[in-house]
Every structure is written in C-alpha cells, then in structure tokens.
Amino acid sequence: IPRPAPDASLFRRAIEWIRASRKPLVIAGGGVIYSEATAALAKLAEETGIPAAETQAGKGSLRFDHPQCLGAMGVTGTRGANVVAREADLVIGIGTRYSDFTTASKTAFQNPGVRFINVNVAEFDAFKHAALPLVADARTALEAMRAGLEGWQVAPAYREQAAKLNREWDAEVSRIHALGHEAPVAQG
C-alpha cells in the first residue's frame, strides 16, 4: 500500500486546529480499512478521547465496544453519532468520500463554526466541505496525528459523553436482539 505523508505545513495547521477544538469528531470511512489503519485509529481515540463515527464503507474501523465508537453516521446512523456530529466544532474525515448518505447533504453538521480536516489519498475528496486537505494515507496520517497530539486530550466530560452514547446504543442493540430470541408463545 503506498503510504504518502501529508504536507508538513498543512499537517501542522491540522494539529493546531485539533488542539484548539472542544468537540472534535473523527468520521472514519472505507479508507481506514483499505489502509489497514484500524489499530492506529483505535490508539488515537484511546489516547485523545476523540470520538469516532463510521460511514457505511467504514463500518468496523473501530470496534463496536470501544468507548469512543459512536457507530454509523448519517441518515441510517446511530443517535450518538448524529448528536455528536450536530454539535462538533471540528470534523476529521479519514478516508471518507462524504457521501450525502453520511452527511445528509451536510445538514448533519449544525455547529455554525464547524471546520473540516480531511485525510484522503484522493485529492478531490480531501478538499470536500472546504476542508483543510491532507492528501495522505490514512494510517500514515493517523500515526502522525498521535505523535502531534501527544499529551493532548478532549475534556473528560466530552470523552464520557461519547462513552455514554456508546453504552446506550449497545444496550438498545442488545434489547432488540433479545426480542428475536424470545420463546414463541403457544397458541391454541
């Protein structure tokens, strides 16, 4: 897999934006999987507390039971992913094309000051939503972000909000799954 690194000056600006944000959100697309970057994403989420939502192509980018995993984003997404996206002041797209299915034609992002950083090997997708474009490999960029953000974390309350939304979603999935395993009622 080719592993191009992001432009150094744009990358420094991206790190500044992340450090200045209060409610950042990663949106992990299929590029995370194609780049074999799932472990790098998990480490970034664990060390910084930045929550991650997934596109349909990015499903499995972060284990469902990782406290910072919000699940699917967009029109068929989880409540947690869409609540956090609505409030995010910084969206960090990693390997996503930002389809309308994911962004609800960009209406998923309601914070008037929201900014975007996009990591993508495709220049066209890196520039979407007037983003700070990092034309780079997902794994290379995530590993560099971890190093650039060493010692920085989101506020504890924001980290806990994501973990709480994750737990609520897991409980709802378990509840619905259990309905399918109930014993049939005898008729007669």
# chains A, B, ... in the order shown; residues from 1 in each chain; ligands from 1

$ select_by_dssp --residues "segment 35-182 of chain A" --states "strand (DSSP E or B)" --output "list in words"
Ala52, Ala53, Glu54, Cys69, Leu70, Gly71, Ala72, Leu90, Val91, Ile92, Gly93, Ile94, Arg115, Phe116, Ile117, Asn118, Val119, Asn120, Leu132, Pro133, Leu134 and Val135 of chain A

$ residues_around --residues "Ala126 of chain A" --least-positions-apart "6" --cutoff "9 Å" --atoms "only C-alpha atoms" --output "ChimeraX atom specification"
/A:93,95-97,117-120,132-136

$ atom_distance --atom1 "atom CA of Ile94 of chain A" --atom2 "atom CA of Ala28 of chain A"
5.0 Å

$ closest_atom_pairs --of "segment 50-140 of chain A" --to "segment 157-171 of chain A" --cutoff "9 Å" --atoms "only C-alpha atoms" --output "JSON lines"
{"residue": "A:Ile50", "atom": "CA", "partner": "A:Arg159", "partner_atom": "CA", "distance": 7.0}
{"residue": "A:Pro51", "atom": "CA", "partner": "A:Ala162", "partner_atom": "CA", "distance": 6.1}
{"residue": "A:Ala52", "atom": "CA", "partner": "A:Ala162", "partner_atom": "CA", "distance": 8.8}
{"residue": "A:Phe64", "atom": "CA", "partner": "A:Asn166", "partner_atom": "CA", "distance": 8.2}
{"residue": "A:Asp65", "atom": "CA", "partner": "A:Asn166", "partner_atom": "CA", "distance": 7.6}
{"residue": "A:His66", "atom": "CA", "partner": "A:Asn166", "partner_atom": "CA", "distance": 8.1}
{"residue": "A:Pro67", "atom": "CA", "partner": "A:Ala163", "partner_atom": "CA", "distance": 4.5}
{"residue": "A:Gln68", "atom": "CA", "partner": "A:Ala162", "partner_atom": "CA", "distance": 5.6}
{"residue": "A:Cys69", "atom": "CA", "partner": "A:Asn166", "partner_atom": "CA", "distance": 6.3}
{"residue": "A:Leu70", "atom": "CA", "partner": "A:Asn166", "partner_atom": "CA", "distance": 5.6}
{"residue": "A:Gly71", "atom": "CA", "partner": "A:Asn166", "partner_atom": "CA", "distance": 7.8}
{"residue": "A:Thr78", "atom": "CA", "partner": "A:Trp169", "partner_atom": "CA", "distance": 7.3}
{"residue": "A:Arg79", "atom": "CA", "partner": "A:Trp169", "partner_atom": "CA", "distance": 7.8}
{"residue": "A:Gly80", "atom": "CA", "partner": "A:Leu165", "partner_atom": "CA", "distance": 5.2}
{"residue": "A:Ala81", "atom": "CA", "partner": "A:Leu165", "partner_atom": "CA", "distance": 8.3}
{"residue": "A:Val84", "atom": "CA", "partner": "A:Ala162", "partner_atom": "CA", "distance": 7.9}

$ residues_around --residues "Thr102 of chain A" --least-positions-apart "3" --cutoff "9 Å" --atoms "only C-alpha atoms" --output "PyMOL selection string"
chain A and resi 54-56+72-77+97-99+105-106+108

$ closest_residue --among "A:Arg86, A:His129, A:His177, A:Arg13" --to "Gln110 of chain A" --atoms "only C-alpha atoms"
A:Arg86

$ select_by_dssp --residues "segment 4-172 of chain A" --states "alpha helix (DSSP H)" --output "PyMOL selection string"
chain A and resi 8-20+30-34+38-48+79-87+100-103+123-126+138-148+156-172
